[in-house]
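Pasting model-v4.tsv here (TSV, C-alpha atoms and all ligand atoms):
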```tsv
chain	number	residue	atom	x	y	z
M	582	MET	CA	35.25	-16.23	-6.37
M	583	ARG	CA	35.26	-12.58	-5.48
M	584	SER	CA	33.54	-11.46	-2.34
M	585	ASP	CA	30.69	-9.72	-4.18
M	586	ALA	CA	29.54	-13.07	-5.48
M	587	ASN	CA	28.59	-13.80	-1.88
M	588	ILE	CA	25.56	-11.62	-2.12
M	589	ALA	CA	24.65	-12.62	-5.65
M	590	GLY	CA	23.00	-15.95	-5.15
M	591	PRO	CA	20.03	-17.37	-3.31
M	592	MET	CA	22.45	-19.44	-1.27
M	593	ALA	CA	24.24	-16.30	-0.24
M	594	ASP	CA	26.03	-15.99	3.04
M	595	PRO	CA	23.88	-14.42	5.72
M	596	VAL	CA	26.11	-11.40	5.67
M	597	PRO	CA	28.31	-10.10	2.95
M	598	GLY	CA	31.95	-10.12	3.90
M	599	PRO	CA	34.14	-7.09	4.31
M	600	ARG	CA	35.10	-5.36	1.12
M	601	SER	CA	38.12	-3.44	0.08
M	602	ALA	CA	36.88	-1.95	-3.18
M	603	GLU	CA	33.51	-0.26	-3.40
M	604	SER	CA	32.77	-0.54	-7.08
M	605	GLU	CA	33.19	-3.86	-8.78
M	606	LEU	CA	30.76	-4.22	-11.65
M	607	GLY	CA	31.69	-7.47	-13.22
M	608	ALA	CA	30.35	-10.63	-14.69
M	609	VAL	CA	29.30	-12.40	-11.55
M	610	PRO	CA	27.86	-15.64	-12.80
M	611	GLY	CA	24.37	-16.17	-11.50
M	612	PRO	CA	23.16	-19.43	-10.07
M	613	PRO	CA	20.50	-21.38	-11.93
M	614	ASN	CA	17.02	-20.30	-10.97
M	615	GLY	CA	16.20	-23.16	-8.72
M	616	ASP	CA	13.47	-21.57	-6.66
M	617	GLY	CA	10.63	-22.42	-9.01
M	618	VAL	CA	9.55	-18.83	-9.43
M	619	SER	CA	8.39	-17.77	-12.86
M	620	ARG	CA	10.47	-15.24	-14.73
M	621	GLU	CA	9.11	-12.47	-16.86
M	622	THR	CA	10.84	-9.99	-19.05
M	623	PRO	CA	11.56	-6.84	-17.07
M	624	PRO	CA	10.00	-3.58	-18.24
M	625	PRO	CA	12.25	-1.28	-20.24
M	626	MET	CA	14.25	1.16	-18.14
M	627	ASP	CA	14.15	4.88	-18.50
M	628	ASP	CA	16.53	5.78	-21.26
M	629	THR	CA	18.91	7.74	-19.04
M	630	PRO	CA	22.57	7.07	-18.30
M	631	ILE	CA	22.04	6.29	-14.63
M	632	GLY	CA	18.91	4.30	-15.36
M	633	ARG	CA	20.95	2.19	-17.77
M	634	ALA	CA	23.78	1.88	-15.26
M	635	ALA	CA	21.36	0.65	-12.62
M	636	GLN	CA	19.95	-1.88	-15.05
M	637	LEU	CA	23.53	-3.08	-15.57
M	638	ALA	CA	23.79	-3.66	-11.85
M	639	VAL	CA	20.74	-5.90	-11.94
M	640	GLU	CA	22.39	-7.76	-14.79
M	641	ALA	CA	25.65	-7.96	-12.86
M	642	LEU	CA	23.81	-10.13	-10.40
M	643	GLY	CA	23.63	-12.65	-13.20
M	644	ARG	CA	19.89	-12.50	-13.46
M	645	ALA	CA	19.38	-10.52	-16.64
M	646	GLY	CA	15.85	-11.00	-17.82
M	647	GLU	CA	14.58	-11.79	-14.34
M	648	ALA	CA	11.65	-9.93	-12.94
M	649	LEU	CA	10.73	-10.92	-9.44
M	650	PRO	CA	7.28	-12.25	-8.64
M	651	ARG	CA	4.85	-9.43	-7.98
M	652	PRO	CA	2.54	-9.64	-4.99
M	653	ASP	CA	-1.18	-10.35	-5.53
M	654	GLN	CA	-2.03	-7.26	-3.55
M	655	THR	CA	-0.12	-4.12	-2.73
M	656	ARG	CA	2.30	-4.84	0.11
M	657	VAL	CA	2.37	-1.89	2.47
M	658	MET	CA	5.60	-1.98	4.48
M	659	VAL	CA	6.25	0.34	7.40
M	660	VAL	CA	9.95	1.04	7.87
M	661	ALA	CA	10.16	1.84	11.55
M	662	ASN	CA	12.56	2.06	14.47
M	663	GLN	CA	12.24	4.90	16.91
M	664	LYS	CA	15.99	5.26	17.03
M	665	GLY	CA	17.43	7.80	14.64
M	666	GLY	CA	20.33	6.98	12.38
M	667	VAL	CA	19.77	3.24	12.11
M	668	GLY	CA	19.19	3.28	8.35
M	669	LYS	CA	15.40	3.64	8.00
M	670	THR	CA	15.52	6.24	5.25
M	671	THR	CA	18.49	4.65	3.51
M	672	THR	CA	16.72	1.30	3.56
M	673	THR	CA	13.40	2.74	2.39
M	674	VAL	CA	14.78	4.50	-0.67
M	675	ASN	CA	17.28	1.85	-1.71
M	676	LEU	CA	14.90	-1.06	-1.25
M	677	ALA	CA	12.21	0.84	-3.12
M	678	ALA	CA	14.59	1.54	-6.01
M	679	SER	CA	15.74	-2.09	-5.99
M	680	LEU	CA	12.21	-3.41	-6.15
M	681	ALA	CA	11.43	-1.00	-8.99
M	682	LEU	CA	14.56	-2.10	-10.87
M	683	HIS	CA	13.36	-5.66	-10.44
M	684	GLY	CA	10.19	-4.65	-12.30
M	685	ALA	CA	7.77	-3.65	-9.50
M	686	ARG	CA	5.74	-0.45	-9.17
M	687	VAL	CA	6.70	1.15	-5.87
M	688	LEU	CA	5.60	4.20	-3.89
M	689	VAL	CA	7.72	5.71	-1.13
M	690	VAL	CA	5.71	7.65	1.43
M	691	ASP	CA	7.98	10.09	3.25
M	692	LEU	CA	6.54	10.43	6.74
M	693	ASP	CA	9.52	12.14	8.35
M	694	PRO	CA	9.34	15.95	8.58
M	695	GLN	CA	13.04	16.04	7.76
M	696	GLY	CA	12.16	14.86	4.25
M	697	ASN	CA	15.35	12.85	3.87
M	698	ALA	CA	13.70	10.19	1.72
M	699	SER	CA	12.37	12.88	-0.62
M	700	THR	CA	15.85	14.39	-0.88
M	701	ALA	CA	17.48	11.03	-1.54
M	702	LEU	CA	15.02	10.37	-4.36
M	703	GLY	CA	15.71	13.77	-5.92
M	704	ILE	CA	12.14	14.93	-5.27
M	705	ASP	CA	11.38	18.61	-4.90
M	706	HIS	CA	10.00	19.19	-1.39
M	707	HIS	CA	10.30	22.87	-0.60
M	708	ALA	CA	7.53	24.37	1.51
M	709	GLU	CA	5.05	25.03	-1.35
M	710	VAL	CA	5.15	21.54	-2.84
M	711	PRO	CA	1.96	19.51	-2.23
M	712	SER	CA	3.03	16.91	0.29
M	713	ILE	CA	2.00	14.17	2.65
M	714	TYR	CA	1.12	16.89	5.18
M	715	ASP	CA	-1.76	17.99	2.90
M	716	VAL	CA	-2.89	14.38	2.66
M	717	LEU	CA	-2.87	13.81	6.42
M	718	VAL	CA	-4.14	17.14	7.69
M	719	ASP	CA	-6.23	18.52	4.80
M	720	SER	CA	-7.51	15.20	3.40
M	721	ARG	CA	-6.00	15.93	0.02
M	722	PRO	CA	-5.91	12.86	-2.28
M	723	LEU	CA	-2.58	11.03	-2.38
M	724	SER	CA	-2.62	11.29	-6.18
M	725	ASP	CA	-2.27	15.09	-5.88
M	726	VAL	CA	1.11	14.81	-4.15
M	727	VAL	CA	2.76	11.74	-5.68
M	728	GLN	CA	5.71	12.51	-7.97
M	729	PRO	CA	7.61	10.12	-10.25
M	730	VAL	CA	11.27	9.55	-9.42
M	731	VAL	CA	13.51	10.55	-12.32
M	732	ASP	CA	15.79	7.76	-13.57
M	733	VAL	CA	13.99	4.86	-11.95
M	734	GLU	CA	11.02	3.58	-13.92
M	735	GLY	CA	8.13	2.49	-11.70
M	736	LEU	CA	9.28	4.41	-8.61
M	737	PHE	CA	7.18	7.19	-7.08
M	738	CYS	CA	7.36	9.37	-3.97
M	739	ALA	CA	4.87	11.22	-1.79
M	740	PRO	CA	7.23	13.87	-0.38
M	741	ALA	CA	7.42	15.39	3.07
M	742	THR	CA	7.92	19.09	3.60
M	743	ILE	CA	8.79	20.94	6.77
M	744	ASP	CA	5.01	21.42	7.37
M	745	LEU	CA	4.91	17.85	8.55
M	746	ALA	CA	6.71	18.87	11.74
M	747	GLY	CA	3.43	20.44	12.90
M	748	ALA	CA	1.27	17.50	11.88
M	749	GLU	CA	2.05	15.50	15.01
M	750	ILE	CA	0.16	18.18	17.03
M	751	GLU	CA	-2.45	19.13	14.41
M	752	LEU	CA	-3.54	15.52	13.99
M	753	VAL	CA	-4.50	15.23	17.65
M	754	SER	CA	-7.74	17.15	17.22
M	755	LEU	CA	-8.75	15.61	13.87
M	756	VAL	CA	-11.35	12.92	13.28
M	757	ALA	CA	-9.88	9.43	12.78
M	758	ARG	CA	-6.48	10.83	13.56
M	759	GLU	CA	-4.76	7.44	13.55
M	760	SER	CA	-6.13	6.22	10.22
M	761	ARG	CA	-5.80	9.18	7.91
M	762	LEU	CA	-2.88	7.73	5.96
M	763	ASP	CA	-4.68	4.40	5.69
M	764	ARG	CA	-7.74	6.11	4.19
M	765	ALA	CA	-5.61	8.02	1.71
M	766	ILE	CA	-3.85	4.83	0.61
M	767	GLN	CA	-7.14	2.93	0.30
M	768	ALA	CA	-8.49	5.70	-1.92
M	769	TYR	CA	-5.38	5.77	-4.15
M	770	GLU	CA	-6.27	4.11	-7.41
M	771	GLN	CA	-2.95	3.71	-9.20
M	772	PRO	CA	-1.80	0.08	-9.28
M	773	LEU	CA	1.17	-0.51	-6.98
M	774	ASP	CA	3.11	-3.58	-5.90
M	775	TYR	CA	4.73	-2.00	-2.84
M	776	ILE	CA	4.28	1.03	-0.65
M	777	LEU	CA	7.24	1.71	1.64
M	778	ILE	CA	6.61	4.19	4.43
M	779	ASP	CA	9.64	5.95	5.91
M	780	CYS	CA	8.83	6.76	9.55
M	781	PRO	CA	10.28	9.48	11.76
M	782	PRO	CA	12.42	8.43	14.74
M	783	SER	CA	9.56	8.54	17.24
M	784	LEU	CA	6.43	6.61	18.08
M	785	GLY	CA	3.98	9.50	17.77
M	786	LEU	CA	0.88	9.87	15.63
M	787	LEU	CA	2.82	9.89	12.35
M	788	THR	CA	4.28	6.46	13.07
M	789	VAL	CA	0.90	5.25	14.37
M	790	ASN	CA	-0.67	6.37	11.07
M	791	ALA	CA	1.94	4.28	9.24
M	792	LEU	CA	1.28	1.25	11.48
M	793	VAL	CA	-2.46	1.51	10.84
M	794	ALA	CA	-1.92	1.81	7.08
M	795	GLY	CA	0.49	-1.12	6.70
M	796	ALA	CA	0.35	-4.86	7.14
M	797	GLU	CA	4.08	-5.38	7.45
M	798	VAL	CA	6.66	-3.74	9.67
M	799	LEU	CA	10.24	-3.68	8.43
M	800	ILE	CA	12.72	-2.88	11.19
M	801	PRO	CA	16.23	-1.87	10.17
M	802	ILE	CA	18.69	-2.66	12.94
M	803	GLN	CA	22.11	-1.10	13.00
M	804	CYS	CA	24.83	-3.55	13.94
M	805	GLU	CA	26.07	-1.49	16.89
M	806	TYR	CA	26.14	-1.74	20.62
M	807	TYR	CA	22.65	-1.03	22.08
M	808	ALA	CA	21.11	-2.23	18.79
M	809	LEU	CA	18.19	-3.91	20.53
M	810	GLU	CA	17.71	-1.32	23.21
M	811	GLY	CA	14.41	0.49	22.92
M	812	LEU	CA	13.11	-2.03	20.41
M	813	GLY	CA	10.72	-3.38	23.04
M	814	GLN	CA	8.83	-0.12	22.95
M	815	LEU	CA	8.36	-0.31	19.18
M	816	LEU	CA	7.27	-3.94	19.39
M	817	ARG	CA	4.75	-3.13	22.12
M	818	ASN	CA	3.33	-0.39	19.92
M	819	VAL	CA	3.02	-2.89	17.10
M	820	ASP	CA	1.15	-5.18	19.51
M	821	LEU	CA	-1.13	-2.34	20.59
M	822	VAL	CA	-1.95	-1.20	17.08
M	823	ARG	CA	-2.62	-4.80	16.04
M	824	GLY	CA	-4.90	-5.29	19.03
M	825	HIS	CA	-6.93	-2.13	18.60
M	826	LEU	CA	-6.66	-0.73	15.12
M	827	ASN	CA	-5.09	-3.07	12.58
M	828	PRO	CA	-5.33	-6.85	13.12
M	829	LYS	CA	-3.24	-7.64	10.05
M	830	LEU	CA	-0.16	-5.81	11.31
M	831	HIS	CA	2.93	-7.93	11.91
M	832	VAL	CA	6.70	-7.62	11.96
M	833	SER	CA	7.59	-9.31	8.69
M	834	THR	CA	11.13	-8.22	8.08
M	835	ILE	CA	14.27	-7.35	10.02
M	836	LEU	CA	17.22	-5.99	8.07
M	837	LEU	CA	20.71	-5.67	9.54
M	838	THR	CA	22.30	-2.44	8.37
M	839	MET	CA	25.77	-0.91	8.43
M	840	TYR	CA	27.25	-4.33	8.95
M	841	ASP	CA	31.00	-4.36	9.24
M	842	GLY	CA	32.15	-7.96	9.02
M	843	ARG	CA	35.60	-7.04	10.31
M	844	THR	CA	34.32	-6.28	13.79
M	845	ARG	CA	33.39	-8.90	16.28
M	846	LEU	CA	30.73	-6.60	17.69
M	847	ALA	CA	28.82	-6.56	14.41
M	848	SER	CA	28.70	-10.35	14.21
M	849	GLN	CA	27.69	-10.57	17.87
M	850	VAL	CA	24.82	-8.13	17.31
M	851	ALA	CA	23.78	-10.00	14.17
M	852	GLU	CA	23.78	-13.24	16.12
M	853	GLU	CA	21.70	-11.73	18.91
M	854	VAL	CA	19.17	-10.30	16.46
M	855	ARG	CA	18.87	-13.63	14.67
M	856	THR	CA	18.32	-15.39	17.99
M	857	HIS	CA	15.53	-12.98	18.95
M	858	PHE	CA	13.75	-12.76	15.63
M	859	GLY	CA	14.69	-15.92	13.73
M	860	ASN	CA	12.95	-16.16	10.42
M	861	GLU	CA	12.05	-12.51	10.11
M	862	VAL	CA	15.69	-11.54	9.72
M	863	LEU	CA	16.73	-11.30	6.08
M	864	ARG	CA	19.76	-13.41	5.22
M	865	THR	CA	21.18	-10.48	3.31
M	866	SER	CA	22.62	-7.72	5.47
M	867	ILE	CA	23.65	-4.29	4.28
M	868	PRO	CA	27.37	-3.56	4.62
M	869	ARG	CA	28.69	-0.27	5.87
M	870	SER	CA	29.51	1.51	2.64
M	871	VAL	CA	30.72	5.00	1.84
M	872	ARG	CA	28.84	4.90	-1.47
M	873	ILE	CA	25.54	4.37	0.36
M	874	SER	CA	26.12	7.42	2.52
M	875	GLU	CA	27.28	9.59	-0.40
M	876	ALA	CA	24.35	8.90	-2.72
M	877	PRO	CA	21.70	11.12	-1.02
M	878	SER	CA	23.77	14.26	-1.46
M	879	TYR	CA	23.44	13.70	-5.23
M	880	GLY	CA	19.67	13.19	-4.94
M	881	GLN	CA	20.16	9.56	-5.86
M	882	THR	CA	19.85	6.10	-4.45
M	883	VAL	CA	23.00	3.99	-4.39
M	884	LEU	CA	21.40	1.94	-7.16
M	885	THR	CA	21.88	4.73	-9.66
M	886	TYR	CA	24.79	6.50	-7.94
M	887	ASP	CA	27.08	3.46	-7.99
M	888	PRO	CA	25.20	0.47	-9.37
M	889	GLY	CA	28.04	-2.00	-8.99
M	890	SER	CA	28.97	-1.13	-5.42
M	891	SER	CA	28.57	-3.58	-2.57
M	892	GLY	CA	25.82	-1.39	-1.09
M	893	SER	CA	23.85	-1.40	-4.31
M	894	LEU	CA	24.17	-5.15	-4.80
M	895	SER	CA	23.19	-5.89	-1.20
M	896	TYR	CA	20.01	-3.79	-1.43
M	897	LEU	CA	19.14	-5.52	-4.72
M	898	GLU	CA	19.58	-8.86	-3.00
M	899	ALA	CA	17.55	-7.81	0.04
M	900	ALA	CA	14.76	-6.69	-2.30
M	901	ARG	CA	14.87	-10.04	-4.03
M	902	GLU	CA	14.55	-11.82	-0.68
M	903	ILE	CA	11.59	-9.65	0.29
M	904	ALA	CA	9.84	-10.28	-3.02
M	905	LEU	CA	10.38	-14.03	-2.80
M	906	ARG	CA	9.26	-14.16	0.84
M	907	GLY	CA	6.06	-12.42	-0.24
M	908	VAL	CA	5.19	-15.46	-2.32
M	909	GLY	CA	6.36	-17.88	0.34
M	910	VAL	CA	9.89	-18.68	-0.84
M	911	TYR	CA	12.45	-18.66	1.97
M	912	TYR	CA	16.17	-19.16	1.97
M	913	ASP	CA	17.38	-21.94	4.14
M	914	SER	CA	21.03	-22.21	5.05
M	915	SER	CA	21.62	-24.42	2.06
M	916	LYS	CA	18.56	-24.13	-0.15
M	917	ALA	CA	15.52	-22.04	-0.91
M	918	HIS	CA	12.29	-23.64	0.18
M	919	ALA	CA	8.62	-22.85	0.01
M	920	LYS	CA	6.84	-22.27	3.29
M	921	GLY	CA	3.24	-21.41	2.68
M	922	ARG	CA	1.97	-18.69	0.41
M	923	HIS	CA	1.94	-15.89	2.92
M	924	HIS	CA	4.16	-15.56	5.91
M	925	GLN	CA	1.74	-14.48	8.59
M	926	GLN	CA	2.96	-16.14	11.68
M	927	ASP	CA	1.34	-15.74	15.02
M	928	GLN	CA	2.91	-12.75	16.69
M	929	HIS	CA	0.80	-12.40	19.78
M	930	SER	CA	3.85	-12.00	21.94
M	931	VAL	CA	6.10	-10.16	19.59
M	932	SER	CA	7.32	-7.84	22.30
M	933	GLU	CA	8.02	-10.56	24.86
M	934	GLY	CA	11.51	-10.67	26.24
M	935	PHE	CA	12.31	-7.06	25.48
M	936	SER	CA	12.94	-4.43	28.03
M	937	GLU	CA	12.73	-0.71	27.44
L	1001	LIG	N1	24.98	0.89	5.00
L	1001	LIG	C1	25.42	2.12	5.29
L	1001	LIG	N2	26.73	2.43	5.17
L	1001	LIG	C2	27.18	3.67	5.47
L	1001	LIG	N3	26.42	4.67	5.90
L	1001	LIG	C3	25.10	4.42	6.03
L	1001	LIG	C4	24.53	3.15	5.75
L	1001	LIG	N4	23.19	3.21	5.98
L	1001	LIG	C5	22.94	4.46	6.40
L	1001	LIG	N5	24.07	5.20	6.44
L	1001	LIG	C6	24.22	6.59	6.86
L	1001	LIG	O1	23.85	6.66	8.23
L	1001	LIG	C7	23.10	7.85	8.49
L	1001	LIG	C8	21.74	7.48	9.07
L	1001	LIG	O2	21.01	6.75	8.11
L	1001	LIG	P1	19.46	7.04	7.86
L	1001	LIG	O3	19.00	6.10	6.80
L	1001	LIG	O4	19.24	8.50	7.62
L	1001	LIG	O5	18.86	6.62	9.26
L	1001	LIG	P2	17.42	6.92	9.89
L	1001	LIG	O6	16.48	7.19	8.76
L	1001	LIG	O7	17.09	5.68	10.66
L	1001	LIG	O8	17.59	8.10	10.77
L	1001	LIG	C9	23.02	8.58	7.17
L	1001	LIG	O9	24.04	9.55	7.13
L	1001	LIG	C10	23.27	7.50	6.13
L	1001	LIG	O10	23.85	8.02	4.96
L	1002	MG	MG	15.25	8.88	8.41
```
Could you express the structure from this file as structure tokens?
Ligand SMILES: Nc1ncnc2c1ncn2[C@@H]1O[C@H](COP(=O)(O)OP(=O)(O)O)[C@@H](O)[C@H]1O
Ligand SMILES: [Mg+2]
Amino acid sequence: MRSDANIAGPMADPVPGPRSAESELGAVPGPPNGDGVSRETPPPMDDTPIGRAAQLAVEALGRAGEALPRPDQTRVMVVANQKGGVGKTTTTVNLAASLALHGARVLVVDLDPQGNASTALGIDHHAEVPSIYDVLVDSRPLSDVVQPVVDVEGLFCAPATIDLAGAEIELVSLVARESRLDRAIQAYEQPLDYILIDCPPSLGLLTVNALVAGAEVLIPIQCEYYALEGLGQLLRNVDLVRGHLNPKLHVSTILLTMYDGRTRLASQVAEEVRTHFGNEVLRTSIPRSVRISEAPSYGQTVLTYDPGSSGSLSYLEAAREIALRGVGVYYDSSKAHAKGRHHQQDQHSVSEGFSE
């Protein structure tokens, strides 16, 4: 069996193996659906070439006709790690596109003044475009700024413009400065299955707004030396926000990114992360892939840029894991098993054992 089949099934290896070729769209036979989750017919894709190509990628996973279970309520996931360059934006946009391709309605909130998520989704975000800055600072409704993403049905983006760079300071003097994003999301009436918030690489008021608005924190961890360094600070912030502002907040998901199975360092880091976090760590990791890093310069996610690539397939699989976990289905080393409807474990001491 070719190596890409490793990430195609629910009994997938924890980490996809190293790959020589990037694009291998082929008939990977899918495993029988043994996880007891109902299947629906997926919605029709946008009738565009890349939309169709991305749909082919979903089918390449051997699960044509599968739509993943949709959550009862909108899942608001905060993609955070105060380190830059660990794959927050890449993870946000590619997971969001994957979830949408699996049939969900998904909004990406770009909360980084650099606007990289907006760029990667091909969303116009020059200075005059209504943006998340207007929502946070001028209390403009979210519906005024949300734009549909071309080529991916069901995917939307609230863009960030350069204005957002000033928001960190402007927010300080505003009423309810920590909960302005939360209010905007609560007032947003369009039905959504997921909201993914791409945070800046800092723990300032923008990130705090995200942590107040979300219930779940998704931490991408780059498989590099120093991967866990500084994480204690983020986890303590999560503890603080949970204690004071948002009792439902918890770290639900850790995703290993830029995994290079050929290096011993990557597997050591992966091992260390799994020891620290256990069940929160997705079994699927994202391989280091040139196609993933190229896609944003074409205003695309890897899902439409190169649907059959290892990066695309791994994000599709990670999305599948996230969707199934949301309804209480977990992968064990050998089998998927149900573990309660919602995974809300006690995280009183989430930051324990971490130094700065
Ligand atoms: N799996 C991957 N393989 C190769 N390059 C990646 C991967 N994930 C991210 N990158 C690249 O690494 C850089 C940092 O990623 P990014 O998502 O922007 O991180 P962050 O948002 O945490 O700052 C970008 O140039 C991106 O294209
Ligand atoms: Mg980023």
Using only C-alpha atoms and all ligand atoms, which residues of chain M come within 12 Å of ligand MG 1002 (chain L), and what is the closest atom pair for each, with the distance in Å to one decimal? Give it as CSV, sorted by chain and residue number.
```
residue,atom,partner,partner_atom,distance
M:Val660,CA,L:MG1002,MG,9.5
M:Ala661,CA,L:MG1002,MG,9.2
M:Asn662,CA,L:MG1002,MG,9.5
M:Gln663,CA,L:MG1002,MG,9.9
M:Lys664,CA,L:MG1002,MG,9.4
M:Gly665,CA,L:MG1002,MG,6.7
M:Gly666,CA,L:MG1002,MG,6.7
M:Val667,CA,L:MG1002,MG,8.1
M:Gly668,CA,L:MG1002,MG,6.8
M:Lys669,CA,L:MG1002,MG,5.3
M:Thr670,CA,L:MG1002,MG,4.1
M:Thr671,CA,L:MG1002,MG,7.2
M:Thr672,CA,L:MG1002,MG,9.1
M:Thr673,CA,L:MG1002,MG,8.8
M:Val674,CA,L:MG1002,MG,10.1
M:Val690,CA,L:MG1002,MG,11.9
M:Asp691,CA,L:MG1002,MG,9.0
M:Leu692,CA,L:MG1002,MG,9.0
M:Asp693,CA,L:MG1002,MG,6.6
M:Pro694,CA,L:MG1002,MG,9.2
M:Gln695,CA,L:MG1002,MG,7.5
M:Gly696,CA,L:MG1002,MG,7.9
M:Asn697,CA,L:MG1002,MG,6.0
M:Ala698,CA,L:MG1002,MG,7.0
M:Ser699,CA,L:MG1002,MG,10.3
M:Thr700,CA,L:MG1002,MG,10.8
M:Ala701,CA,L:MG1002,MG,10.4
M:Ala741,CA,L:MG1002,MG,11.5
M:Ile778,CA,L:MG1002,MG,10.6
M:Asp779,CA,L:MG1002,MG,6.8
M:Cys780,CA,L:MG1002,MG,6.9
M:Pro781,CA,L:MG1002,MG,6.0
M:Pro782,CA,L:MG1002,MG,6.9
M:Ser783,CA,L:MG1002,MG,10.5
M:Pro801,CA,L:MG1002,MG,10.9
M:Pro877,CA,L:MG1002,MG,11.6
```
With distances taken over only C-alpha atoms and all ligand atoms, the candidate from M:Met839, M:Leu682, M:Ala851, M:Ala899 nearest ligand LIG 1001 (chain L) is M:Met839
Enclose region 687-693 of chain M, meaning all of its atoms listed in the file, in a box aligned along x, y and z, pad it by 3 Å on each side, and list the centre and edge lengths in Å to one decimal, as AutoDock Vina command-line options.
```
--center_x 7.6 --center_y 6.6 --center_z 1.2 --size_x 9.9 --size_y 17.0 --size_z 20.2
```
One residue among M:Ala746, M:Tyr769, M:His683, M:Val819 is nearest to Leu787 (chain M) when using all atoms listed in the file, and that residue is M:Ala746
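Using only C-alpha atoms, the smallest distance between any of M:Asp820, M:Asp774, M:Glu810, M:Glu902 and Ile835 (chain M) comes from M:Glu902.
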